[in-house]
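Novice: File follows, work-v8.csv with CSV, C-alpha atoms and all ligand atoms:
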```csv
chain,number,residue,atom,x,y,z
A,1,MET,CA,-46.6,29.7,-39.1
A,2,GLU,CA,-46.6,33.4,-38.3
A,3,TYR,CA,-48.0,35.0,-35.2
A,4,ASN,CA,-49.5,38.4,-34.2
A,5,TYR,CA,-50.4,39.9,-30.9
A,6,LEU,CA,-54.1,40.1,-30.2
A,7,GLY,CA,-54.8,43.8,-29.9
A,8,LYS,CA,-52.7,45.4,-27.2
A,9,THR,CA,-52.5,42.1,-25.2
A,10,ASP,CA,-49.5,39.8,-24.8
A,11,LEU,CA,-51.4,37.0,-26.3
A,12,LYS,CA,-49.9,35.7,-29.5
A,13,VAL,CA,-52.2,34.1,-32.1
A,14,SER,CA,-51.4,32.3,-35.3
A,15,LYS,CA,-51.9,34.2,-38.5
A,16,ILE,CA,-54.2,31.4,-39.6
A,17,CYS,CA,-57.1,30.7,-37.2
A,18,LEU,CA,-59.1,27.5,-37.4
A,19,GLY,CA,-62.8,28.1,-38.1
A,20,THR,CA,-65.2,25.5,-36.9
A,21,MET,CA,-68.7,26.3,-37.9
A,22,THR,CA,-69.3,23.2,-40.2
A,23,TRP,CA,-68.6,20.8,-37.3
A,24,GLY,CA,-71.9,19.3,-36.2
A,25,GLN,CA,-73.5,19.4,-39.6
A,26,GLN,CA,-71.3,19.1,-42.6
A,27,ASN,CA,-68.6,17.5,-40.4
A,28,THR,CA,-68.8,14.9,-37.7
A,29,GLU,CA,-67.1,15.0,-34.3
A,30,LEU,CA,-64.4,12.7,-35.5
A,31,GLU,CA,-63.7,14.9,-38.5
A,32,GLY,CA,-63.6,18.0,-36.2
A,33,HIS,CA,-61.0,16.3,-34.0
A,34,GLU,CA,-59.0,15.3,-37.0
A,35,GLN,CA,-58.9,18.9,-38.2
A,36,LEU,CA,-57.9,20.2,-34.8
A,37,ASP,CA,-55.1,17.7,-34.4
A,38,TYR,CA,-53.8,18.5,-37.9
A,39,ALA,CA,-54.0,22.3,-37.4
A,40,ILE,CA,-52.2,22.1,-34.0
A,41,GLY,CA,-49.5,20.0,-35.8
A,42,ARG,CA,-49.1,22.9,-38.3
A,43,ASP,CA,-48.5,25.3,-35.4
A,44,ILE,CA,-52.0,26.9,-35.4
A,45,ASN,CA,-52.9,27.9,-31.8
A,46,PHE,CA,-56.1,29.9,-32.5
A,47,ILE,CA,-59.6,28.4,-32.7
A,48,ASP,CA,-62.8,30.3,-33.4
A,49,THR,CA,-66.3,29.1,-32.6
A,50,ALA,CA,-69.7,30.4,-31.4
A,51,GLU,CA,-72.6,29.3,-29.2
A,52,MET,CA,-74.8,29.5,-32.4
A,53,TYR,CA,-72.8,27.0,-34.4
A,54,SER,CA,-73.0,24.7,-36.3
A,55,VAL,CA,-74.5,26.4,-39.4
A,56,PRO,CA,-77.1,26.8,-40.7
A,57,ALA,CA,-78.4,27.6,-37.2
A,58,ASN,CA,-81.2,25.5,-36.0
A,59,PRO,CA,-82.5,24.3,-32.6
A,60,ASN,CA,-81.3,20.7,-33.0
A,61,THR,CA,-77.6,21.6,-33.7
A,62,TYR,CA,-77.3,24.7,-31.5
A,63,GLY,CA,-74.1,24.4,-29.5
A,64,SER,CA,-72.9,21.3,-31.4
A,65,THR,CA,-69.6,22.8,-32.5
A,66,GLU,CA,-68.6,23.9,-29.0
A,67,LYS,CA,-69.4,20.4,-27.8
A,68,ILE,CA,-67.1,18.9,-30.4
A,69,ILE,CA,-64.3,21.2,-29.4
A,70,GLY,CA,-65.0,20.4,-25.7
A,71,THR,CA,-64.6,16.7,-26.1
A,72,TRP,CA,-61.3,17.3,-28.0
A,73,ILE,CA,-59.9,19.6,-25.3
A,74,ASN,CA,-60.9,17.0,-22.7
A,75,LYS,CA,-59.2,14.2,-24.7
A,76,ARG,CA,-56.0,16.1,-25.5
A,77,LYS,CA,-55.6,17.9,-22.1
A,78,ASN,CA,-54.0,20.8,-23.9
A,79,ARG,CA,-56.2,23.8,-22.9
A,80,SER,CA,-53.3,26.1,-22.0
A,81,GLU,CA,-51.7,25.6,-25.5
A,82,ILE,CA,-54.6,27.0,-27.4
A,83,VAL,CA,-56.2,30.4,-27.7
A,84,LEU,CA,-59.9,29.7,-27.7
A,85,ALA,CA,-62.4,32.2,-29.1
A,86,THR,CA,-66.2,31.9,-29.0
A,87,LYS,CA,-69.1,34.2,-29.4
A,88,ALA,CA,-72.4,35.2,-27.8
A,89,ALA,CA,-75.2,35.6,-30.4
A,90,GLY,CA,-76.5,39.1,-31.0
A,91,LYS,CA,-80.2,40.1,-31.4
A,92,ALA,CA,-82.0,38.1,-34.1
A,93,GLU,CA,-85.7,37.4,-34.3
A,94,TRP,CA,-85.0,34.2,-36.2
A,95,LEU,CA,-83.0,32.7,-33.3
A,96,LYS,CA,-85.9,32.1,-31.0
A,97,HIS,CA,-84.2,28.9,-29.8
A,98,ILE,CA,-81.4,30.9,-28.3
A,99,ARG,CA,-82.8,32.4,-25.0
A,100,ASN,CA,-86.1,33.2,-26.9
A,101,THR,CA,-84.2,36.0,-28.9
A,102,PRO,CA,-80.7,36.8,-27.7
A,103,ASN,CA,-79.4,40.1,-26.5
A,104,PHE,CA,-76.4,41.5,-24.5
A,105,SER,CA,-78.1,42.1,-21.2
A,106,LYS,CA,-76.0,40.9,-18.2
A,107,LYS,CA,-78.5,38.1,-17.5
A,108,GLN,CA,-78.3,36.8,-21.1
A,109,LEU,CA,-74.6,37.1,-21.5
A,110,THR,CA,-74.0,35.3,-18.2
A,111,GLU,CA,-76.2,32.4,-19.3
A,112,ALA,CA,-74.5,32.3,-22.7
A,113,LEU,CA,-71.1,32.3,-21.2
A,114,GLU,CA,-71.8,29.6,-18.6
A,115,ASN,CA,-73.3,27.3,-21.2
A,116,SER,CA,-70.3,27.9,-23.6
A,117,LEU,CA,-67.9,27.1,-20.8
A,118,LYS,CA,-69.8,23.8,-20.1
A,119,ARG,CA,-69.9,22.7,-23.7
A,120,LEU,CA,-66.3,23.6,-24.3
A,121,GLN,CA,-65.3,21.8,-21.1
A,122,THR,CA,-63.1,24.6,-19.9
A,123,ASP,CA,-63.2,27.2,-17.2
A,124,TYR,CA,-62.1,30.2,-19.3
A,125,ILE,CA,-62.5,31.7,-22.8
A,126,ASP,CA,-59.5,33.5,-24.2
A,127,LEU,CA,-61.5,35.7,-26.5
A,128,TYR,CA,-65.2,36.3,-25.9
A,129,GLN,CA,-66.8,37.9,-28.9
A,130,LEU,CA,-70.2,39.7,-29.4
A,131,HIS,CA,-71.3,37.9,-32.6
A,132,TRP,CA,-73.2,40.8,-34.1
A,133,PRO,CA,-74.6,44.1,-32.8
A,134,GLU,CA,-77.8,44.2,-30.8
A,135,ARG,CA,-78.7,47.5,-32.3
A,136,PRO,CA,-80.2,47.7,-35.8
A,137,THR,CA,-77.3,48.5,-38.2
A,138,ASN,CA,-75.7,47.4,-41.4
A,139,PHE,CA,-74.0,44.0,-41.4
A,140,PHE,CA,-74.5,40.5,-42.9
A,141,GLY,CA,-74.6,41.5,-46.5
A,142,VAL,CA,-76.2,45.0,-45.9
A,143,LEU,CA,-73.9,47.7,-47.2
A,144,ASP,CA,-75.8,50.9,-46.6
A,145,TYR,CA,-76.8,52.2,-43.2
A,146,ILE,CA,-80.5,53.0,-42.9
A,147,HIS,CA,-81.5,54.5,-39.6
A,148,LYS,CA,-84.3,52.5,-38.1
A,149,SER,CA,-84.5,53.3,-34.5
A,150,GLU,CA,-83.0,55.4,-31.7
A,151,ASP,CA,-83.0,52.3,-29.5
A,152,ILE,CA,-79.6,50.7,-29.4
A,153,GLY,CA,-80.6,47.9,-26.9
A,154,THR,CA,-78.2,47.3,-24.1
A,155,PRO,CA,-76.0,50.4,-23.8
A,156,PHE,CA,-72.3,50.0,-24.6
A,157,GLU,CA,-71.1,50.8,-21.1
A,158,GLU,CA,-73.5,48.2,-19.6
A,159,ILE,CA,-72.1,45.5,-22.0
A,160,LEU,CA,-68.6,46.5,-21.0
A,161,GLU,CA,-69.4,46.3,-17.3
A,162,THR,CA,-70.7,42.8,-17.8
A,163,LEU,CA,-67.6,41.8,-19.7
A,164,GLN,CA,-65.4,43.4,-16.9
A,165,SER,CA,-67.2,41.2,-14.3
A,166,PHE,CA,-66.4,38.1,-16.5
A,167,ILE,CA,-62.8,39.1,-16.6
A,168,GLY,CA,-62.7,39.7,-12.9
A,169,GLU,CA,-64.1,36.2,-12.3
A,170,GLY,CA,-61.4,34.7,-14.6
A,171,LYS,CA,-64.1,33.4,-17.0
A,172,ILE,CA,-62.9,35.3,-20.0
A,173,ARG,CA,-59.5,36.9,-20.7
A,174,HIS,CA,-60.4,39.4,-23.4
A,175,PHE,CA,-63.3,40.5,-25.5
A,176,GLY,CA,-63.8,41.2,-29.2
A,177,ILE,CA,-66.6,42.5,-31.4
A,178,SER,CA,-67.9,41.0,-34.7
A,179,ASN,CA,-69.9,42.2,-37.7
A,180,GLU,CA,-69.3,45.7,-36.3
A,181,THR,CA,-69.3,49.1,-37.9
A,182,PRO,CA,-67.0,52.1,-37.3
A,183,TYR,CA,-69.6,53.6,-35.0
A,184,GLY,CA,-69.7,50.4,-32.9
A,185,MET,CA,-65.9,50.1,-32.6
A,186,HIS,CA,-65.6,53.8,-31.7
A,187,GLN,CA,-68.2,53.5,-29.0
A,188,TYR,CA,-66.6,50.4,-27.4
A,189,LEU,CA,-63.2,52.2,-27.4
A,190,LEU,CA,-64.6,55.5,-26.1
A,191,GLN,CA,-66.7,54.1,-23.3
A,192,ALA,CA,-63.9,51.8,-22.2
A,193,GLU,CA,-61.5,54.8,-22.0
A,194,LYS,CA,-64.0,57.1,-20.2
A,195,ARG,CA,-65.0,54.6,-17.6
A,196,ASP,CA,-61.8,52.5,-17.2
A,197,LEU,CA,-63.6,49.4,-18.6
A,198,PRO,CA,-62.1,46.6,-20.8
A,199,ARG,CA,-60.6,47.5,-24.1
A,200,VAL,CA,-61.8,45.7,-27.2
A,201,VAL,CA,-58.9,43.6,-28.7
A,202,SER,CA,-60.2,42.4,-32.0
A,203,ILE,CA,-62.9,42.8,-34.7
A,204,GLN,CA,-64.2,39.7,-36.5
A,205,ASN,CA,-65.7,40.9,-39.8
A,206,PRO,CA,-66.0,39.4,-43.3
A,207,TYR,CA,-63.1,40.0,-45.6
A,208,SER,CA,-62.2,38.5,-48.9
A,209,LEU,CA,-61.4,39.5,-52.5
A,210,ILE,CA,-65.1,40.1,-53.2
A,211,ASN,CA,-65.8,41.8,-49.9
A,212,ARG,CA,-63.3,44.5,-49.0
A,213,THR,CA,-65.8,46.8,-47.2
A,214,PHE,CA,-63.6,46.6,-44.1
A,215,GLU,CA,-61.1,48.9,-45.9
A,216,ILE,CA,-63.6,51.7,-46.2
A,217,GLY,CA,-64.1,52.7,-42.5
A,218,LEU,CA,-62.4,50.1,-40.4
A,219,SER,CA,-58.9,49.3,-41.6
A,220,GLU,CA,-57.5,52.6,-40.4
A,221,MET,CA,-59.1,52.2,-37.0
A,222,ALA,CA,-57.9,48.6,-36.8
A,223,ILE,CA,-54.3,49.7,-37.3
A,224,ARG,CA,-54.2,52.9,-35.4
A,225,GLU,CA,-56.2,51.6,-32.4
A,226,LYS,CA,-54.6,48.2,-32.5
A,227,VAL,CA,-57.9,46.3,-32.9
A,228,GLY,CA,-56.9,43.9,-35.6
A,229,LEU,CA,-59.2,42.2,-38.0
A,230,LEU,CA,-60.0,38.5,-37.6
A,231,ALA,CA,-61.1,38.0,-41.2
A,232,TYR,CA,-64.0,35.6,-41.7
A,233,SER,CA,-65.2,33.8,-44.9
A,234,PRO,CA,-61.9,34.5,-46.7
A,235,LEU,CA,-63.0,32.2,-49.5
A,236,ALA,CA,-66.5,33.7,-49.6
A,237,PHE,CA,-68.0,30.4,-48.6
A,238,GLY,CA,-65.8,28.5,-51.0
A,239,VAL,CA,-66.9,30.6,-54.0
A,240,LEU,CA,-63.4,32.0,-54.5
A,241,SER,CA,-62.0,28.5,-55.1
A,242,GLY,CA,-63.8,28.8,-58.4
A,243,LYS,CA,-65.7,25.5,-57.9
A,244,TYR,CA,-69.2,27.1,-58.5
A,245,LEU,CA,-68.2,28.8,-61.8
A,246,ASN,CA,-70.1,27.9,-65.0
A,247,GLY,CA,-73.2,26.9,-63.0
A,248,GLN,CA,-71.4,24.0,-61.3
A,249,LYS,CA,-73.0,22.5,-58.2
A,250,PRO,CA,-70.3,20.4,-56.5
A,251,GLU,CA,-71.7,17.6,-54.5
A,252,ASN,CA,-71.8,18.1,-50.7
A,253,ALA,CA,-70.5,21.7,-51.0
A,254,ARG,CA,-72.0,24.4,-48.8
A,255,ILE,CA,-74.0,26.4,-51.4
A,256,THR,CA,-75.2,23.2,-53.1
A,257,LEU,CA,-76.4,21.9,-49.8
A,258,PHE,CA,-77.8,25.2,-48.5
A,259,PRO,CA,-78.8,27.4,-51.5
A,260,ASN,CA,-80.2,30.0,-49.1
A,261,PHE,CA,-76.5,30.9,-48.4
A,262,SER,CA,-76.6,33.4,-51.3
A,263,ARG,CA,-74.4,36.1,-50.0
A,264,TYR,CA,-71.4,35.5,-52.3
A,265,ASN,CA,-72.8,34.2,-55.6
A,266,ASP,CA,-74.9,36.7,-57.3
A,267,GLU,CA,-74.1,37.7,-60.9
A,268,LEU,CA,-71.6,40.4,-60.1
A,269,SER,CA,-69.8,38.3,-57.5
A,270,THR,CA,-69.6,35.5,-60.1
A,271,LYS,CA,-68.1,37.8,-62.6
A,272,ALA,CA,-65.5,39.1,-60.2
A,273,THR,CA,-64.7,35.5,-59.1
A,274,GLN,CA,-64.1,34.5,-62.7
A,275,ARG,CA,-61.6,37.4,-63.0
A,276,TYR,CA,-59.7,36.4,-59.8
A,277,VAL,CA,-59.7,32.8,-60.8
A,278,ASP,CA,-58.2,33.6,-64.2
A,279,LEU,CA,-55.6,35.9,-62.5
A,280,ALA,CA,-54.5,33.2,-60.0
A,281,LEU,CA,-54.2,30.5,-62.7
A,282,SER,CA,-52.2,32.9,-65.0
A,283,HIS,CA,-49.6,33.2,-62.1
A,284,GLY,CA,-49.5,29.4,-61.5
A,285,LEU,CA,-51.4,29.7,-58.2
A,286,THR,CA,-54.6,28.0,-57.3
A,287,PRO,CA,-57.5,30.4,-56.9
A,288,THR,CA,-57.8,29.4,-53.2
A,289,GLN,CA,-54.1,30.0,-52.5
A,290,MET,CA,-54.3,33.5,-54.1
A,291,ALA,CA,-57.5,34.4,-52.2
A,292,LEU,CA,-56.1,33.3,-48.8
A,293,ALA,CA,-52.6,34.7,-49.4
A,294,PHE,CA,-54.2,38.1,-50.2
A,295,VAL,CA,-56.0,38.1,-46.8
A,296,ASN,CA,-52.9,36.9,-44.9
A,297,GLN,CA,-50.9,39.8,-46.4
A,298,ARG,CA,-53.1,42.7,-45.4
A,299,ASP,CA,-51.5,44.8,-42.6
A,300,PHE,CA,-54.8,45.2,-40.7
A,301,VAL,CA,-55.4,41.5,-40.4
A,302,THR,CA,-54.4,39.8,-37.1
A,303,SER,CA,-55.6,36.4,-38.2
A,304,ASN,CA,-57.3,34.8,-41.2
A,305,ILE,CA,-60.1,32.5,-40.1
A,306,ILE,CA,-60.2,29.6,-42.5
A,307,GLY,CA,-62.9,26.9,-42.8
A,308,ALA,CA,-62.6,23.5,-44.4
A,309,THR,CA,-64.8,20.4,-44.7
A,310,THR,CA,-62.1,18.0,-45.9
A,311,MET,CA,-58.5,17.4,-44.9
A,312,ALA,CA,-57.3,18.2,-48.4
A,313,GLN,CA,-58.9,21.7,-48.2
A,314,LEU,CA,-57.5,22.2,-44.7
A,315,LYS,CA,-54.0,21.5,-45.9
A,316,GLU,CA,-54.3,23.8,-49.0
A,317,ASN,CA,-55.7,26.6,-46.8
A,318,ILE,CA,-53.0,26.4,-44.2
A,319,ASP,CA,-50.3,26.2,-46.9
A,320,SER,CA,-51.4,29.7,-48.0
A,321,ILE,CA,-49.2,31.0,-45.2
A,322,ASP,CA,-46.1,30.3,-47.3
A,323,ILE,CA,-47.4,32.1,-50.4
A,324,LYS,CA,-46.4,35.7,-50.8
A,325,LEU,CA,-48.2,37.7,-53.5
A,326,SER,CA,-45.9,39.9,-55.6
A,327,GLU,CA,-46.5,43.6,-56.0
A,328,SER,CA,-47.5,43.0,-59.6
A,329,ILE,CA,-50.2,40.4,-58.7
A,330,LEU,CA,-51.5,42.8,-55.9
A,331,LYS,CA,-51.7,45.6,-58.5
A,332,GLU,CA,-53.7,43.3,-60.8
A,333,ILE,CA,-56.0,42.4,-58.0
A,334,ASP,CA,-56.6,46.0,-57.3
A,335,ILE,CA,-57.5,46.6,-60.9
A,336,ILE,CA,-60.3,44.0,-60.7
A,337,HIS,CA,-61.3,45.4,-57.3
A,338,HIS,CA,-61.7,48.9,-58.7
A,339,GLN,CA,-63.7,47.7,-61.7
A,340,ILE,CA,-66.0,45.5,-59.5
A,341,PRO,CA,-65.7,46.8,-56.0
A,342,ASN,CA,-67.2,44.8,-53.1
A,343,PRO,CA,-69.8,42.8,-55.1
A,344,ALA,CA,-70.6,40.7,-52.0
A,345,PRO,CA,-70.6,43.0,-48.9
A,401,LIG,P1,-64.6,30.4,-46.1
A,401,LIG,O1,-63.1,30.2,-46.3
A,401,LIG,O2,-65.2,31.5,-46.8
A,401,LIG,O3,-65.4,29.1,-46.6
A,401,LIG,C1,-65.0,27.8,-46.1
A,401,LIG,C2,-65.7,26.7,-46.9
A,401,LIG,O4,-65.2,26.8,-48.3
A,401,LIG,C3,-65.4,25.3,-46.4
A,401,LIG,O5,-66.2,25.0,-45.4
A,401,LIG,C4,-65.5,24.5,-47.7
A,401,LIG,O6,-66.9,24.3,-47.9
A,401,LIG,C5,-65.0,25.5,-48.8
A,401,LIG,N1,-63.6,25.3,-49.0
A,401,LIG,C6,-62.6,25.6,-48.0
A,401,LIG,N2,-61.4,25.4,-48.5
A,401,LIG,C7,-61.5,25.0,-49.8
A,401,LIG,C8,-60.6,24.6,-50.8
A,401,LIG,N3,-59.3,24.6,-50.6
A,401,LIG,N4,-61.1,24.3,-52.0
A,401,LIG,C9,-62.5,24.3,-52.3
A,401,LIG,N5,-63.4,24.6,-51.3
A,401,LIG,C10,-62.9,25.0,-50.1
A,401,LIG,O7,-64.8,30.5,-44.6
A,401,LIG,P2,-66.2,30.2,-43.7
A,401,LIG,O8,-66.3,28.8,-43.4
A,401,LIG,O9,-67.3,30.9,-44.2
A,401,LIG,O10,-65.7,31.0,-42.4
A,401,LIG,C11,-64.6,30.5,-41.6
A,401,LIG,C12,-64.9,30.7,-40.2
A,401,LIG,O11,-65.1,32.1,-39.9
A,401,LIG,C13,-66.1,30.0,-39.6
A,401,LIG,O12,-65.8,28.6,-39.3
A,401,LIG,C14,-66.3,30.8,-38.4
A,401,LIG,O13,-65.4,30.4,-37.3
A,401,LIG,C15,-66.0,32.2,-38.8
A,401,LIG,N6,-67.2,32.9,-39.3
A,401,LIG,C16,-67.7,33.9,-38.5
A,401,LIG,C17,-68.8,34.6,-38.9
A,401,LIG,C18,-69.3,35.8,-38.1
A,401,LIG,O14,-70.4,36.2,-38.2
A,401,LIG,N7,-68.5,36.2,-37.1
A,401,LIG,C19,-69.5,34.3,-40.1
A,401,LIG,C20,-68.9,33.3,-40.9
A,401,LIG,C21,-67.8,32.6,-40.5
A,401,LIG,P3,-67.5,23.1,-48.8
A,401,LIG,O15,-66.6,22.0,-48.7
A,401,LIG,O16,-68.9,22.9,-48.2
A,401,LIG,O17,-67.5,23.7,-50.2
```
How does the structure come out when it is put into structure tokens?
Ligand code: NAP

Specialist:
Amino acid sequence: MEYNYLGKTDLKVSKICLGTMTWGQQNTELEGHEQLDYAIGRDINFIDTAEMYSVPANPNTYGSTEKIIGTWINKRKNRSEIVLATKAAGKAEWLKHIRNTPNFSKKQLTEALENSLKRLQTDYIDLYQLHWPERPTNFFGVLDYIHKSEDIGTPFEEILETLQSFIGEGKIRHFGISNETPYGMHQYLLQAEKRDLPRVVSIQNPYSLINRTFEIGLSEMAIREKVGLLAYSPLAFGVLSGKYLNGQKPENARITLFPNFSRYNDELSTKATQRYVDLALSHGLTPTQMALAFVNQRDFVTSNIIGATTMAQLKENIDSIDIKLSESILKEIDIIHHQIPNPAP
């Protein structure tokens, strides 16, 4: 395994982070524990979850993933050996079951954190992330910014003050942002510097062969400001494995089960996926290995958050750490990227 520092902290996290959002729906508690044991055995120390999980979000399974991690921590008694990341949900009208529409007020964040700590059976979170912005902006598949309102919701400085109080109480060690834009990252950095408030350590955004939008406005900031990317959905929900090509609907696979998850499989994404699959196979790589190795190798990536529903997938995904793509494959990838840029933002 390889390790990187989280932002400017002294916390070292594995280059592969274990994503968990299928545990509690597609995966049982026992399967979640099996994945955790295996990942730790492969020297992964970084685990990512969220209050909202498992997915798709619904009132009956809200918090189920954190509970599964909590029972594992309690069983293994290894809390100090892992770097645990979770998230507080941002504003979303469709999440009425979370505090009757979540936001980042001190009251709501305090309630969110206390409940996450209980479910996770721990007294601190290493990395507490704001899952998506409270203000209206472009994320979750929306590429272009359309200005909708002057109202940004809870001001950046107020959110930072709340996070500072959590750090002071020892309930979180660091904080990160997610699904953020360059404007958001800039504001968190600026307000922290101006007012001596906590500095953001990471940004968790989507990044994969078919969604490289991070490179447009954020990769330079990630490197220069040392706020590295925690790349999510590196396989574009499994699409980049190639298993949905030619109209296939693999049994028990995410998009077969939940066809509303349509972010990564429109016509253009499918066309790009076919090109990447062909390229991987022509170099003797599996499409999954190539897609994950590509993310692992990017210099602005602190950690690649993988997801798996079977142990065979988990093994293949972790094995990607040992694959290094040559300059010539990277050039061929860039040719496809320039011909079909970011089909699935
Ligand atoms: P992903 O790598 O794009 O998709 C993972 C899914 O692809 C698996 O659940 C599995 O689904 C399929 N898969 C995985 N390995 C495979 C393989 N070797 N061969 C074939 N199919 C394979 O990642 P993700 O699950 O979307 O995201 C990973 C993690 O990132 C999440 O658990 C979560 O922690 C985080 N995340 C964060 C956000 C955010 O808004 N911050 C959003 C999304 C995810 P099937 O078996 O069902 O096909």

Novice: I want to know what sits within 8 Å of Leu230 (chain A), based on all atoms listed in the file, with residues of the same chain fewer than 3 positions away left out; could you give that as a list of chain:residue names?

Specialist: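 Here the answer would be A:Ser202, A:Ile203, A:Gln204, A:Asn205, A:Val301, A:Thr302, A:Ser303, A:Asn304, A:Ile305.
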
Novice: Measure the distance from CA of Val13 (chain A) to CA of Phe46 (chain A) in Å and round it to one decimal.

Specialist: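 These atoms are spaced 5.7 Å apart.
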
Novice: Do you know which residues are at most 12 Å from region 330-342 of chain A counting all atoms listed in the file, after dropping those on the same chain fewer than 4 positions away, and could you put them as a PyMOL selection string?

Specialist: chain A and resi 141-143+206-216+236+263-264+266-280+282-283+290-291+293-295+297-298+324-326

Novice: Hey, what's within 10 Å of Leu36 (chain A) if we count all atoms listed in the file and toss same-chain stuff fewer than 2 positions away? As a compact mmCIF listing (two decimals) with C-alpha atoms, in the frame of the given file, please?

Specialist:
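Final output, part12.txt:
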```txt
# COMPACT_ATOMS: atom_id res chain seq x y z
CA LEU A 18 -59.10 27.50 -37.40
CA GLY A 19 -62.80 28.10 -38.10
CA THR A 20 -65.20 25.50 -36.90
CA LEU A 30 -64.40 12.70 -35.50
CA GLU A 31 -63.70 14.90 -38.50
CA GLY A 32 -63.60 18.00 -36.20
CA HIS A 33 -61.00 16.30 -34.00
CA GLU A 34 -59.00 15.30 -37.00
CA TYR A 38 -53.80 18.50 -37.90
CA ALA A 39 -54.00 22.30 -37.40
CA ILE A 40 -52.20 22.10 -34.00
CA GLY A 41 -49.50 20.00 -35.80
CA ARG A 42 -49.10 22.90 -38.30
CA ILE A 44 -52.00 26.90 -35.40
CA ASN A 45 -52.90 27.90 -31.80
CA ILE A 47 -59.60 28.40 -32.70
CA ILE A 69 -64.30 21.20 -29.40
CA TRP A 72 -61.30 17.30 -28.00
CA ILE A 73 -59.90 19.60 -25.30
```

Novice: Let me see if you get this right: every residue at most 7 Å from ligand LIG 401 (chain A), counting all atoms listed in the file, written as an MDAnalysis selection string.

Specialist: chainID A and resid 18:22 48:49 131:132 178:179 204:206 232:238 241 243 252:255 288 305:310 313:314 316:317

Novice: So which residues are close to (-71.9, 29.0, -36.4), meaning at most 9 Å away in the file's coordinates with all atoms listed in the file counted, and can you show them as a ChimeraX atom specification?

Specialist: /A:20-23,49-57,62-63,65

Novice: With C-alpha atoms retained, could you export that selection as a compact mmCIF listing (two decimals), in the frame of the given file?

Specialist:
```txt
# COMPACT_ATOMS: atom_id res chain seq x y z
CA THR A 20 -65.20 25.50 -36.90
CA MET A 21 -68.70 26.30 -37.90
CA THR A 22 -69.30 23.20 -40.20
CA TRP A 23 -68.60 20.80 -37.30
CA THR A 49 -66.30 29.10 -32.60
CA ALA A 50 -69.70 30.40 -31.40
CA GLU A 51 -72.60 29.30 -29.20
CA MET A 52 -74.80 29.50 -32.40
CA TYR A 53 -72.80 27.00 -34.40
CA SER A 54 -73.00 24.70 -36.30
CA VAL A 55 -74.50 26.40 -39.40
CA PRO A 56 -77.10 26.80 -40.70
CA ALA A 57 -78.40 27.60 -37.20
CA TYR A 62 -77.30 24.70 -31.50
CA GLY A 63 -74.10 24.40 -29.50
CA THR A 65 -69.60 22.80 -32.50
```

Novice: Tell me, as an mmCIF file with C-alpha atoms, keeping the file's coordinate frame, which residues lie within 12 Å of Asn138 (chain A), counting only C-alpha atoms; anything in the same chain fewer than 4 positions away does not count.

Specialist:
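File produced: around-v4.cif:
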```cif
data_model
loop_
_atom_site.group_PDB
_atom_site.id
_atom_site.type_symbol
_atom_site.label_atom_id
_atom_site.label_comp_id
_atom_site.auth_asym_id
_atom_site.auth_seq_id
_atom_site.Cartn_x
_atom_site.Cartn_y
_atom_site.Cartn_z
ATOM 1 C CA TRP A 132 -73.200 40.800 -34.100
ATOM 2 C CA PRO A 133 -74.600 44.100 -32.800
ATOM 3 C CA GLU A 134 -77.800 44.200 -30.800
ATOM 4 C CA VAL A 142 -76.200 45.000 -45.900
ATOM 5 C CA LEU A 143 -73.900 47.700 -47.200
ATOM 6 C CA ASP A 144 -75.800 50.900 -46.600
ATOM 7 C CA TYR A 145 -76.800 52.200 -43.200
ATOM 8 C CA ILE A 146 -80.500 53.000 -42.900
ATOM 9 C CA HIS A 147 -81.500 54.500 -39.600
ATOM 10 C CA LYS A 148 -84.300 52.500 -38.100
ATOM 11 C CA ASN A 179 -69.900 42.200 -37.700
ATOM 12 C CA GLU A 180 -69.300 45.700 -36.300
ATOM 13 C CA THR A 181 -69.300 49.100 -37.900
ATOM 14 C CA PRO A 182 -67.000 52.100 -37.300
ATOM 15 C CA TYR A 183 -69.600 53.600 -35.000
ATOM 16 C CA GLY A 184 -69.700 50.400 -32.900
ATOM 17 C CA THR A 213 -65.800 46.800 -47.200
ATOM 18 C CA PRO A 345 -70.600 43.000 -48.900
#
```

Novice: Got a sec: who's within 8 Å of Leu163 (chain A), counting only C-alpha atoms, leaving out chain neighbours fewer than 4 positions off, as a PyMOL selection string?

Specialist: chain A and resi 159+167+175+198

Novice: Just checking: using only C-alpha atoms, which residue out of A:Glu169, A:Gln121, A:Arg224, A:Ala231 ends up closest to Arg76 (chain A)?

Specialist: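 Residue with the minimum atom-to-atom distance to Arg76 (chain A): A:Gln121.
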
Novice: Considering only C-alpha atoms, can you say which of A:Leu240, A:Val200, A:Ile68, A:Leu281 comes closest to Lys118 (chain A)?

Specialist: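 Closest residue, counting only C-alpha atoms: A:Ile68.
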
Novice: So how many Å separate CA of Asp37 (chain A) and CA of Glu66 (chain A), to one decimal?

Specialist: 15.8 Å
